[in-house]
$ cat work.txt   # compact mmCIF, C-alpha atoms
# COMPACT_ATOMS: atom_id res chain seq x y z
CA MET P 1 -12.02 27.78 0.82
CA LEU P 2 -9.61 26.33 -1.73
CA LEU P 3 -7.65 28.78 -3.86
CA ILE P 4 -5.59 27.73 -6.86
CA ASN P 5 -3.19 30.30 -8.16
CA ASN P 6 -1.43 30.24 -11.59
CA LEU P 7 -1.11 26.47 -11.55
CA SER P 8 0.83 24.90 -14.44
CA PHE P 9 1.70 21.30 -15.09
CA TYR P 10 3.94 19.81 -17.78
CA ARG P 11 4.44 16.17 -18.59
CA ASN P 12 7.53 15.37 -20.70
CA ASN P 13 7.69 19.02 -21.80
CA THR P 14 4.13 19.03 -23.12
CA ILE P 15 1.66 21.38 -21.47
CA ILE P 16 -1.18 19.62 -19.65
CA PHE P 17 -2.58 22.87 -18.25
CA GLU P 18 -1.11 26.32 -17.75
CA ASP P 19 -1.84 29.34 -15.53
CA LEU P 20 -4.95 27.86 -14.05
CA ASN P 21 -6.77 30.01 -11.49
CA LEU P 22 -9.67 28.70 -9.50
CA SER P 23 -11.37 29.39 -6.21
CA LEU P 24 -13.77 26.98 -4.56
CA ASN P 25 -16.00 28.56 -1.94
CA ASN P 26 -17.86 26.89 0.89
CA GLY P 27 -21.05 25.23 -0.28
CA GLN P 28 -19.93 25.06 -3.90
CA ILE P 29 -20.11 22.02 -6.17
CA THR P 30 -17.72 22.10 -9.11
CA GLN P 31 -17.46 19.69 -12.00
CA ILE P 32 -14.47 19.31 -14.29
CA ARG P 33 -15.42 18.21 -17.79
CA GLY P 34 -13.22 17.39 -20.71
CA LYS P 35 -12.21 14.84 -23.29
CA ASN P 36 -10.36 11.65 -22.43
CA GLY P 37 -6.74 12.48 -21.76
CA SER P 38 -7.38 16.19 -21.28
CA GLY P 39 -5.78 16.12 -17.84
CA LYS P 40 -8.74 15.95 -15.44
CA THR P 41 -7.24 13.27 -13.22
CA THR P 42 -3.82 14.92 -13.45
CA PHE P 43 -5.34 18.18 -12.21
CA LEU P 44 -6.89 16.45 -9.19
CA GLU P 45 -3.60 14.71 -8.41
CA VAL P 46 -1.72 18.01 -8.60
CA ILE P 47 -4.16 19.52 -6.09
CA LEU P 48 -3.52 16.60 -3.75
CA ASN P 49 0.24 17.01 -4.06
CA ILE P 50 0.68 13.54 -5.56
CA LEU P 51 2.09 15.19 -8.68
CA GLU P 52 4.43 18.17 -8.50
CA PRO P 53 3.21 21.30 -10.38
CA LYS P 54 5.76 23.18 -12.51
CA ASN P 55 4.72 26.42 -10.89
CA GLY P 56 1.80 27.91 -9.03
CA ASP P 57 0.44 27.53 -5.51
CA ILE P 58 -2.58 26.01 -3.83
CA PHE P 59 -4.01 27.55 -0.67
CA TRP P 60 -6.44 26.02 1.81
CA GLU P 61 -8.00 28.56 4.20
CA GLY P 62 -5.16 30.97 3.42
CA LYS P 63 -2.34 28.52 4.04
CA ASN P 64 -0.10 27.05 1.35
CA ILE P 65 -0.91 23.33 1.35
CA LYS P 66 2.63 22.33 0.45
CA LYS P 67 3.86 23.39 3.88
CA ASN P 68 0.79 22.07 5.72
CA ILE P 69 0.08 18.97 3.68
CA PHE P 70 -1.19 16.80 6.54
CA ASN P 71 -3.48 19.60 7.76
CA PHE P 72 -4.90 19.67 4.24
CA PHE P 73 -5.28 15.87 4.12
CA ASN P 74 -7.10 16.12 7.45
CA VAL P 75 -10.00 17.94 5.78
CA THR P 76 -9.96 16.09 2.45
CA THR P 77 -11.58 12.92 1.17
CA PHE P 78 -10.23 11.68 -2.16
CA ILE P 79 -12.22 9.10 -4.11
CA MET P 80 -10.07 7.75 -6.92
CA ASP P 81 -11.22 6.11 -10.13
CA GLN P 82 -9.63 2.91 -8.84
CA ASN P 83 -11.29 1.08 -5.97
CA THR P 84 -9.19 1.29 -2.84
CA SER P 85 -11.07 -1.46 -1.05
CA THR P 86 -8.94 -4.54 -0.38
CA LYS P 87 -10.41 -7.37 -2.41
CA LYS P 88 -9.45 -10.13 -0.02
CA LEU P 89 -11.12 -8.55 3.03
CA THR P 90 -14.80 -8.38 3.86
CA VAL P 91 -16.90 -5.23 3.47
CA LEU P 92 -16.95 -4.58 7.22
CA ASP P 93 -13.19 -5.15 7.55
CA ASN P 94 -12.60 -2.53 4.87
CA ILE P 95 -14.98 -0.09 6.53
CA ASN P 96 -13.38 -0.57 9.95
CA PHE P 97 -9.95 0.06 8.44
CA TRP P 98 -11.05 3.33 6.79
CA LYS P 99 -12.90 4.34 9.92
CA GLY P 100 -9.81 3.94 12.08
CA LEU P 101 -7.60 5.63 9.52
CA CYS P 102 -9.58 8.86 9.64
CA ALA P 103 -10.56 8.55 13.34
CA SER P 104 -14.24 8.71 12.36
CA LYS P 105 -16.80 9.22 15.11
CA LEU P 106 -19.57 7.19 13.43
CA THR P 107 -21.00 4.38 15.56
CA ASN P 108 -21.59 0.84 14.34
CA ALA P 109 -25.33 1.49 14.11
CA ASP P 110 -24.66 4.46 11.81
CA ILE P 111 -22.51 2.28 9.57
CA LEU P 112 -25.17 -0.43 9.32
CA LEU P 113 -27.69 2.27 8.40
CA LEU P 114 -25.33 3.56 5.72
CA LEU P 115 -24.90 0.06 4.29
CA GLU P 116 -28.68 -0.30 4.29
CA THR P 117 -29.06 2.95 2.30
CA PHE P 118 -26.64 1.74 -0.37
CA ASN P 119 -28.19 -1.78 -0.42
CA LEU P 120 -24.97 -3.37 0.82
CA LEU P 121 -26.13 -4.64 4.20
CA LYS P 122 -26.57 -8.22 3.05
CA TYR P 123 -22.94 -8.29 1.88
CA LYS P 124 -21.41 -6.97 5.09
CA ASN P 125 -19.49 -10.21 5.75
CA THR P 126 -18.76 -10.96 2.08
CA LYS P 127 -15.29 -10.52 0.63
CA VAL P 128 -15.08 -7.53 -1.69
CA MET P 129 -13.83 -9.65 -4.60
CA TYR P 130 -17.27 -11.31 -4.84
CA LEU P 131 -19.13 -7.98 -5.27
CA SER P 132 -20.04 -6.47 -8.63
CA LYS P 133 -18.28 -3.37 -9.98
CA GLY P 134 -21.17 -1.09 -9.09
CA GLU P 135 -21.33 -2.43 -5.55
CA ILE P 136 -17.59 -1.95 -5.08
CA LYS P 137 -17.97 1.64 -6.32
CA LYS P 138 -20.80 2.22 -3.83
CA LEU P 139 -18.61 0.83 -1.05
CA GLU P 140 -15.91 3.26 -2.14
CA LEU P 141 -18.37 6.17 -2.02
CA LEU P 142 -19.26 5.25 1.57
CA ARG P 143 -15.91 6.77 2.49
CA LEU P 144 -17.37 10.22 1.77
CA ILE P 145 -19.76 9.91 4.68
CA LEU P 146 -17.49 7.78 6.83
CA GLU P 147 -14.61 10.25 6.86
CA GLN P 148 -16.74 13.36 7.60
CA LYS P 149 -14.29 15.74 5.91
CA LYS P 150 -15.06 19.16 4.51
CA LEU P 151 -13.48 19.00 1.05
CA TRP P 152 -14.49 16.16 -1.24
CA ILE P 153 -12.40 15.47 -4.33
CA LEU P 154 -13.75 12.75 -6.61
CA ASP P 155 -12.52 11.22 -9.84
CA GLU P 156 -15.28 9.74 -12.04
CA PRO P 157 -17.73 9.11 -9.18
CA TYR P 158 -20.60 8.13 -11.49
CA ASN P 159 -18.85 5.17 -13.15
CA HIS P 160 -20.66 1.82 -12.80
CA LEU P 161 -23.54 3.30 -10.74
CA ASP P 162 -27.20 2.53 -11.42
CA ASN P 163 -29.88 5.24 -11.55
CA SER P 164 -31.04 4.98 -7.96
CA SER P 165 -27.45 5.14 -6.68
CA ILE P 166 -26.83 8.21 -8.86
CA GLU P 167 -29.88 9.82 -7.23
CA ILE P 168 -28.52 9.03 -3.75
CA LEU P 169 -25.08 10.39 -4.70
CA ASN P 170 -26.58 13.64 -6.06
CA GLN P 171 -28.61 14.04 -2.89
CA THR P 172 -25.48 13.42 -0.78
CA PHE P 173 -23.64 16.11 -2.75
CA LYS P 174 -26.47 18.60 -2.18
CA ASP P 175 -26.63 17.82 1.54
CA HIS P 176 -22.89 18.27 1.87
CA ALA P 177 -22.99 21.57 0.00
CA ASN P 178 -25.80 22.77 2.29
CA LYS P 179 -23.54 22.02 5.25
CA ASN P 180 -20.92 24.38 3.77
CA GLY P 181 -18.86 21.53 2.32
CA ILE P 182 -16.86 21.88 -0.89
CA ILE P 183 -17.06 19.32 -3.69
CA LEU P 184 -14.80 19.06 -6.73
CA PHE P 185 -15.29 16.17 -9.12
CA ALA P 186 -14.18 15.15 -12.60
CA SER P 187 -16.72 13.32 -14.75
CA HIS P 188 -18.16 12.96 -18.26
CA PHE P 189 -21.63 12.48 -16.81
CA ASN P 190 -24.07 15.41 -16.65
CA PRO P 191 -25.68 15.14 -13.21
CA SER P 192 -28.87 16.99 -12.37
CA ILE P 193 -27.55 19.28 -9.67
CA ASN P 194 -28.61 22.94 -9.43
CA ASN P 195 -25.92 25.64 -9.08
CA LEU P 196 -23.29 23.32 -10.52
CA GLU P 197 -20.15 25.17 -11.60
CA ILE P 198 -18.47 23.68 -14.62
CA ILE P 199 -14.83 23.95 -15.66
CA ASP P 200 -14.12 22.83 -19.20
CA PHE P 201 -10.74 21.26 -19.90
CA HIS P 202 -9.66 21.59 -23.52
CA MET X 1 -3.03 7.67 20.89
CA VAL X 2 -4.90 8.05 17.61
CA PHE X 3 -1.61 7.56 15.79
CA LEU X 4 -0.80 4.34 17.66
CA LYS X 5 -4.28 3.11 16.80
CA LYS X 6 -3.61 3.78 13.10
CA ILE X 7 -0.38 1.75 13.29
CA PHE X 8 -2.21 -1.07 15.06
CA LEU X 9 -4.92 -0.99 12.38
CA PHE X 10 -2.32 -1.09 9.61
CA ILE X 11 -0.66 -4.19 11.07
CA LYS X 12 -4.05 -5.77 11.75
CA ARG X 13 -5.00 -5.27 8.10
CA GLU X 14 -1.71 -6.83 6.99
CA SER X 15 -2.39 -9.85 9.20
CA GLN X 16 -5.91 -10.20 7.78
CA ILE X 17 -4.54 -10.12 4.23
CA PHE X 18 -1.86 -12.60 5.25
CA PHE X 19 -4.37 -15.08 6.63
CA SER X 20 -6.52 -14.79 3.51
CA ASN X 21 -3.33 -15.58 1.50
CA PHE X 22 -2.35 -18.48 3.71
CA VAL X 23 -2.14 -20.93 0.80
CA ASP X 24 0.42 -18.69 -0.92
CA LEU X 25 2.70 -18.83 2.10
CA CYS X 26 2.28 -22.59 2.41
CA SER X 27 3.29 -23.00 -1.23
CA ASN X 28 6.47 -20.98 -0.54
CA ILE X 29 7.36 -23.30 2.32
CA LEU X 30 6.49 -26.29 0.16
CA PHE X 31 8.85 -24.96 -2.52
CA PHE X 32 11.55 -24.74 0.15
CA PHE X 33 11.05 -28.35 1.27
CA LEU X 34 10.85 -29.76 -2.24
CA SER X 35 14.06 -28.06 -3.30
CA ILE X 36 15.75 -29.48 -0.20
CA PHE X 37 14.54 -32.96 -1.22
CA VAL X 38 15.95 -32.38 -4.69
CA PHE X 39 19.34 -31.46 -3.22
CA VAL X 40 19.40 -34.43 -0.88
CA PHE X 41 18.58 -36.85 -3.69
CA ALA X 42 21.05 -35.21 -6.04
CA LEU X 43 23.93 -35.38 -3.55
CA GLY X 44 23.37 -39.01 -2.56
CA ALA X 45 23.47 -40.63 0.86
CA ASP X 46 26.96 -39.54 1.94
CA GLU X 47 26.30 -38.45 5.53
CA GLN X 48 29.55 -36.52 5.92
CA LEU X 49 29.07 -34.62 2.64
CA LEU X 50 25.48 -33.66 3.53
CA ARG X 51 26.61 -32.37 6.90
CA THR X 52 29.36 -30.24 5.29
CA VAL X 53 27.21 -28.58 2.63
CA GLY X 54 23.89 -28.57 4.54
CA LEU X 55 24.04 -25.12 6.07
CA GLY X 56 24.95 -23.38 2.83
CA ILE X 57 22.20 -25.14 0.91
CA ILE X 58 19.54 -24.38 3.52
CA TRP X 59 20.51 -20.70 3.54
CA SER X 60 20.49 -20.34 -0.25
CA LEU X 61 17.14 -22.08 -0.54
CA LEU X 62 15.64 -19.92 2.22
CA LEU X 63 16.81 -16.92 0.24
CA LEU X 64 15.35 -18.19 -3.03
CA SER X 65 12.00 -19.11 -1.52
CA SER X 66 11.63 -15.78 0.23
CA THR X 67 12.23 -13.95 -3.07
CA LEU X 68 9.23 -15.79 -4.53
CA SER X 69 6.71 -13.58 -2.72
CA LEU X 70 8.58 -10.32 -3.30
CA ARG X 71 6.40 -8.92 -6.04
CA LYS X 72 3.42 -8.82 -3.73
CA PHE X 73 5.18 -6.53 -1.27
CA TYR X 74 3.65 -3.24 -2.51
CA GLU X 75 2.14 -4.08 -5.89
CA GLU X 76 -1.46 -4.62 -4.84
CA ASP X 77 -1.62 -1.65 -2.47
CA PHE X 78 0.04 0.54 -5.08
CA ASN X 79 -2.21 -0.48 -7.97
CA ASN X 80 -5.48 0.02 -6.12
CA GLY X 81 -4.39 3.25 -4.46
CA VAL X 82 -4.41 2.07 -0.83
CA ILE X 83 -0.94 3.57 -0.30
CA THR X 84 -2.31 7.03 -1.21
CA ILE X 85 -5.30 6.58 1.10
CA ILE X 86 -3.11 5.53 4.05
CA HIS X 87 -0.78 8.43 3.30
CA MET X 88 -3.75 10.81 3.32
CA GLY X 89 -4.78 9.28 6.63
CA GLY X 90 -1.73 10.91 8.17
CA MET X 91 1.14 8.44 7.74
CA SER X 92 4.21 9.43 5.75
CA TYR X 93 5.43 7.03 3.06
CA GLU X 94 8.50 6.29 5.19
CA LEU X 95 6.35 5.09 8.09
CA ILE X 96 4.16 3.02 5.77
CA VAL X 97 7.29 1.31 4.41
CA PHE X 98 8.69 0.74 7.89
CA PHE X 99 5.56 -0.98 9.17
CA LYS X 100 5.19 -2.88 5.91
CA ILE X 101 8.71 -4.27 6.48
CA ILE X 102 7.87 -5.18 10.07
CA SER X 103 4.67 -6.94 9.06
CA HIS X 104 6.42 -8.75 6.18
CA PHE X 105 9.04 -9.91 8.70
CA LEU X 106 6.37 -11.09 11.15
CA PHE X 107 3.96 -12.75 8.75
CA VAL X 108 6.12 -14.01 5.89
CA GLN X 109 9.62 -14.66 7.24
CA ILE X 110 8.92 -15.89 10.76
CA PRO X 111 6.76 -18.87 9.58
CA PHE X 112 9.90 -20.14 7.81
CA LEU X 113 11.47 -20.58 11.27
CA ALA X 114 9.23 -23.56 11.88
CA SER X 115 10.52 -25.24 8.73
CA ILE X 116 14.23 -24.83 9.57
CA PRO X 117 14.54 -27.58 12.25
CA ILE X 118 12.75 -30.06 9.97
CA ALA X 119 14.99 -29.16 7.04
CA SER X 120 18.07 -29.59 9.24
CA VAL X 121 17.13 -33.22 9.90
CA PHE X 122 17.61 -34.05 6.21
CA PHE X 123 21.20 -32.81 6.33
CA ASN X 124 21.96 -34.39 9.70
CA LEU X 125 23.10 -31.03 11.11
CA PRO X 126 24.40 -30.97 14.73
CA ILE X 127 22.05 -29.23 17.17
CA ILE X 128 24.42 -26.33 17.80
CA GLU X 129 24.39 -25.49 14.08
CA VAL X 130 20.59 -25.56 14.08
CA TYR X 131 20.55 -23.05 16.94
CA ASN X 132 23.00 -20.85 15.04
CA LEU X 133 20.94 -21.18 11.87
CA ILE X 134 17.77 -20.08 13.67
CA LEU X 135 19.55 -17.16 15.32
CA THR X 136 21.14 -15.95 12.08
CA PHE X 137 17.90 -16.45 10.17
CA ILE X 138 15.99 -14.19 12.57
CA ILE X 139 18.50 -11.40 11.91
CA GLY X 140 19.07 -12.28 8.25
CA SER X 141 15.38 -12.41 7.36
CA LEU X 142 14.92 -8.86 8.66
CA ILE X 143 17.65 -7.83 6.20
CA LEU X 144 15.86 -9.79 3.46
CA SER X 145 12.59 -7.99 4.23
CA CYS X 146 14.35 -4.62 3.91
CA LEU X 147 15.99 -5.67 0.63
CA GLY X 148 12.65 -6.98 -0.61
CA SER X 149 11.01 -3.67 0.19
CA ILE X 150 13.67 -1.74 -1.73
CA SER X 151 13.64 -4.02 -4.76
CA SER X 152 9.86 -4.29 -5.04
CA SER X 153 9.36 -0.54 -4.66
CA MET X 154 11.93 -0.05 -7.44
CA ASN X 155 9.91 -2.33 -9.70
CA LEU X 156 6.42 -0.93 -9.11
CA LEU X 157 6.05 0.30 -12.68
CA ASN X 158 7.96 -2.59 -14.18
CA LYS X 159 5.34 -4.92 -15.60
CA THR X 160 7.48 -7.14 -17.78
CA ASN X 161 10.87 -8.01 -16.26
CA PHE X 162 10.04 -10.17 -13.25
CA SER X 163 13.52 -11.41 -12.44
CA ILE X 164 15.24 -8.06 -11.95
CA GLY X 165 13.74 -7.66 -8.46
CA SER X 166 15.14 -11.02 -7.33
CA ILE X 167 18.52 -10.16 -8.85
CA ILE X 168 18.79 -7.06 -6.67
CA VAL X 169 17.89 -9.03 -3.54
CA LEU X 170 20.30 -11.88 -4.30
CA LEU X 171 23.13 -9.47 -5.05
CA PHE X 172 22.86 -7.59 -1.77
CA SER X 173 22.25 -10.68 0.32
CA ILE X 174 25.74 -12.09 -0.34
CA PRO X 175 27.20 -10.46 2.85
CA VAL X 176 24.32 -11.92 4.86
CA ILE X 177 25.15 -15.41 3.58
CA ILE X 178 28.87 -14.96 4.21
CA PHE X 179 28.43 -13.91 7.83
CA SER X 180 25.58 -16.29 8.65
CA VAL X 181 27.32 -19.39 7.32
CA GLY X 182 30.69 -18.21 8.64
CA ILE X 183 29.42 -18.26 12.24
CA ASN X 184 29.59 -22.06 12.36
CA ASN X 185 33.12 -22.35 11.05
CA SER X 186 34.75 -20.15 13.68
CA ASP X 187 33.70 -20.44 17.30
CA SER X 188 36.02 -17.67 18.50
CA ASN X 189 34.49 -15.11 16.14
CA PHE X 190 30.88 -15.81 17.10
CA ASN X 191 30.22 -12.48 18.81
CA ASN X 192 31.97 -10.44 16.12
CA LEU X 193 29.98 -12.02 13.32
CA ILE X 194 26.67 -11.66 15.16
CA ASN X 195 27.47 -8.01 15.79
CA LEU X 196 28.26 -7.53 12.11
CA LEU X 197 24.95 -9.13 11.12
CA ILE X 198 23.00 -6.96 13.54
CA GLY X 199 24.90 -3.97 12.17
CA ILE X 200 23.91 -4.80 8.59
CA ALA X 201 20.29 -5.29 9.70
CA LEU X 202 20.21 -1.90 11.41
CA ILE X 203 21.82 -0.17 8.42
CA PHE X 204 19.22 -1.63 6.06
CA LEU X 205 16.40 -0.87 8.49
CA GLY X 206 17.63 2.72 8.41
CA ILE X 207 18.07 2.96 4.64
CA ALA X 208 15.05 0.96 3.42
CA PRO X 209 12.23 3.31 4.57
CA TRP X 210 13.80 6.37 2.96
CA SER X 211 14.76 4.73 -0.31
CA SER X 212 11.52 2.76 -0.69
CA ALA X 213 9.47 5.89 0.08
CA ALA X 214 11.42 7.80 -2.56
CA PHE X 215 10.78 5.02 -5.11
CA ILE X 216 7.07 4.94 -4.24
CA ARG X 217 6.82 8.73 -4.70
CA LEU X 218 8.62 8.42 -8.02
CA ALA X 219 6.28 5.63 -9.13
CA LEU X 220 3.18 7.62 -8.11
CA ARG X 221 4.42 10.57 -10.16
CA ASN X 222 5.04 8.51 -13.28
CA LYS X 223 2.00 6.27 -13.05

$ encode --input "work.txt" --output "structure tokens"
Amino acid sequence: MLLINNLSFYRNNTIIFEDLNLSLNNGQITQIRGKNGSGKTTFLEVILNILEPKNGDIFWEGKNIKKNIFNFFNVTTFIMDQNTSTKKLTVLDNINFWKGLCASKLTNADILLLLETFNLLKYKNTKVMYLSKGEIKKLELLRLILEQKKLWILDEPYNHLDNSSIEILNQTFKDHANKNGIILFASHFNPSINNLEIIDFH
Amino acid sequence: MVFLKKIFLFIKRESQIFFSNFVDLCSNILFFFLSIFVFVFALGADEQLLRTVGLGIIWSLLLLSSTLSLRKFYEEDFNNGVITIIHMGGMSYELIVFFKIISHFLFVQIPFLASIPIASVFFNLPIIEVYNLILTFIIGSLILSCLGSISSSMNLLNKTNFSIGSIIVLLFSIPVIIFSVGINNSDSNFNNLINLLIGIALIFLGIAPWSSAAFIRLALRNK
């Protein structure tokens, strides 16, 4: 369970958000909505300790994440709005790098099956720079399943995706929530997910 | 064991990126050779003169050509967020910087070693000076990698002023030049100067990870 207590963040003395309280329970999917520039990405980066909050604390399973940051990273997958795949390497090279980085237990057969699901199997030996934007985004989303972490934090996951991929992503979210996972994502898109909790950023 | 595997993977990825950028490296070495040609033609065919100034020219050109690839040190990994992902994979920024320096030293600086003996032929350098040059370049290029790491991490958010990074490297590499070129002029001081060079390398290897990591954190916060 992720607990956010009285979190405030200022940028150049202007308030981005103030006294924010939030608790994310196991099996809960939460969406952050808001206008452009309302601080959605900033909020996610504050949770991940990339940005320093002015005051307030974040707790994961009762422990302050600031003191146990690598324990927190151990259970978290962060999908950014940028694509973290290396453009000059092939799809499989990228996947092997991510897999080693999080010590994933997936076998090669599992990975080929995953690529098949996302329609990327034919590109497995292609360099990422030759893929389209949607395909690169799908490759990025593979990290969710590859890393097998409990807490998923996503920034604009629906960008560049086609309808069938959106369906797959929604189904993946539901499956993860059924397995007691926690999902927090920021997006303008209104996905068709039941029991979706919405936080509105003004 | 898992941690060692992560480090191995990191260096493996760097080598893969390096081999996909092979043409870039070749063009750096080509730049080095062409500027040596320019010097040789500009100075004329005076054998004694070439031999006197050769070492200094080779060192300065090595320095200039290795600053050419500086901007690529962190920029790509920073802009597409790979640094954050590796950090979340359990490596502190200091470790990332340290292994980045090591892989830059292995994959960018060491290939220059092959070009040094060929360049020495143009200046008619005696063989003992070529040995000294290779020895000092191995130590000096490690210092250059550290300086490159510091200057490029300082300039992560700087999108306009391209020369400032090279200025920082050139400024701090003056001691390296002094000691490396000085080795040939004084045989009795050989050990002292080598020790000084190794000392500078170790100091920079100690400072660079902390300062670069601090700059990367700062850049991530102000992105």

$ atom_distance --input "work.txt" --atom1 "atom CA of P:Tyr123" --atom2 "atom CA of P:Val91"
7.0 Å

$ interface_residues --input "work.txt" --of "chain X" --to "chain P" --cutoff "9 Å" --atoms "all atoms listed in the file" --output "MDAnalysis selection string"
chainID X and resid 2:3 5:6 9:10 12:13 16:17 20:21 76:77 79:91 217 220:222

$ residues_near_point --input "work.txt" --point "(8.2, -17.9, -7.2)" --cutoff "12 Å" --atoms "only C-alpha atoms" --output "PyMOL selection string"
chain X and resi 24-25+27-32+61+63-72+162-163+165-166

$ atom_distance --input "work.txt" --atom1 "atom CA of X:Glu94" --atom2 "atom CA of X:Ile194"
27.4 Å

$ closest_residue --input "work.txt" --among "X:Ser15, X:Ser180, X:Ser149, X:Asn189" --to "X:Ala213" --atoms "all atoms listed in the file"
X:Ser149

$ residues_around --input "work.txt" --residues "X:Gln48" --least-positions-apart "3" --cutoff "10 Å" --atoms "only C-alpha atoms" --output "ChimeraX atom specification"
/X:45,51-54,123-125

$ residues_around --input "work.txt" --residues "P:Phe189" --least-positions-apart "4" --cutoff "12 Å" --atoms "only C-alpha atoms" --output "PDB file with C-alpha atoms, keeping the file's coordinate frame"
ATOM      1  CA  GLN P  31     -17.460  19.690 -12.000  1.00  0.00           C
ATOM      2  CA  ILE P  32     -14.470  19.310 -14.290  1.00  0.00           C
ATOM      3  CA  ARG P  33     -15.420  18.210 -17.790  1.00  0.00           C
ATOM      4  CA  GLY P  34     -13.220  17.390 -20.710  1.00  0.00           C
ATOM      5  CA  LYS P  35     -12.210  14.840 -23.290  1.00  0.00           C
ATOM      6  CA  ASP P 155     -12.520  11.220  -9.840  1.00  0.00           C
ATOM      7  CA  GLU P 156     -15.280   9.740 -12.040  1.00  0.00           C
ATOM      8  CA  PRO P 157     -17.730   9.110  -9.180  1.00  0.00           C
ATOM      9  CA  TYR P 158     -20.600   8.130 -11.490  1.00  0.00           C
ATOM     10  CA  ASN P 159     -18.850   5.170 -13.150  1.00  0.00           C
ATOM     11  CA  HIS P 160     -20.660   1.820 -12.800  1.00  0.00           C
ATOM     12  CA  LEU P 161     -23.540   3.300 -10.740  1.00  0.00           C
ATOM     13  CA  ILE P 166     -26.830   8.210  -8.860  1.00  0.00           C
ATOM     14  CA  ASN P 170     -26.580  13.640  -6.060  1.00  0.00           C
ATOM     15  CA  PHE P 185     -15.290  16.170  -9.120  1.00  0.00           C
ATOM     16  CA  ILE P 193     -27.550  19.280  -9.670  1.00  0.00           C
ATOM     17  CA  ILE P 198     -18.470  23.680 -14.620  1.00  0.00           C
TER      18      ILE P 198
END

$ residues_around --input "work.txt" --residues "X:Leu106" --least-positions-apart "6" --cutoff "12 Å" --atoms "only C-alpha atoms" --output "PyMOL selection string"
chain X and resi 11-12+14-15+18+99-100+112-113+138+141-142+145

$ atom_distance --input "work.txt" --atom1 "atom CA of X:Leu147" --atom2 "atom CA of X:Val23"
23.7 Å

$ residues_near_point --input "work.txt" --point "(-26.8, 19.7, -6.4)" --cutoff "8 Å" --atoms "all atoms listed in the file" --output "PDB file with C-alpha atoms, in the coordinates of the input"
ATOM      1  CA  ILE P  29     -20.110  22.020  -6.170  1.00  0.00           C
ATOM      2  CA  ASN P 170     -26.580  13.640  -6.060  1.00  0.00           C
ATOM      3  CA  GLN P 171     -28.610  14.040  -2.890  1.00  0.00           C
ATOM      4  CA  PHE P 173     -23.640  16.110  -2.750  1.00  0.00           C
ATOM      5  CA  LYS P 174     -26.470  18.600  -2.180  1.00  0.00           C
ATOM      6  CA  ALA P 177     -22.990  21.570   0.000  1.00  0.00           C
ATOM      7  CA  SER P 192     -28.870  16.990 -12.370  1.00  0.00           C
ATOM      8  CA  ILE P 193     -27.550  19.280  -9.670  1.00  0.00           C
ATOM      9  CA  ASN P 194     -28.610  22.940  -9.430  1.00  0.00           C
ATOM     10  CA  ASN P 195     -25.920  25.640  -9.080  1.00  0.00           C
ATOM     11  CA  LEU P 196     -23.290  23.320 -10.520  1.00  0.00           C
TER      12      LEU P 196
END

$ closest_residue --input "work.txt" --among "P:Ser23, P:Thr41, P:Ser104, P:Gln28" --to "P:Leu146" --atoms "all atoms listed in the file"
P:Ser104
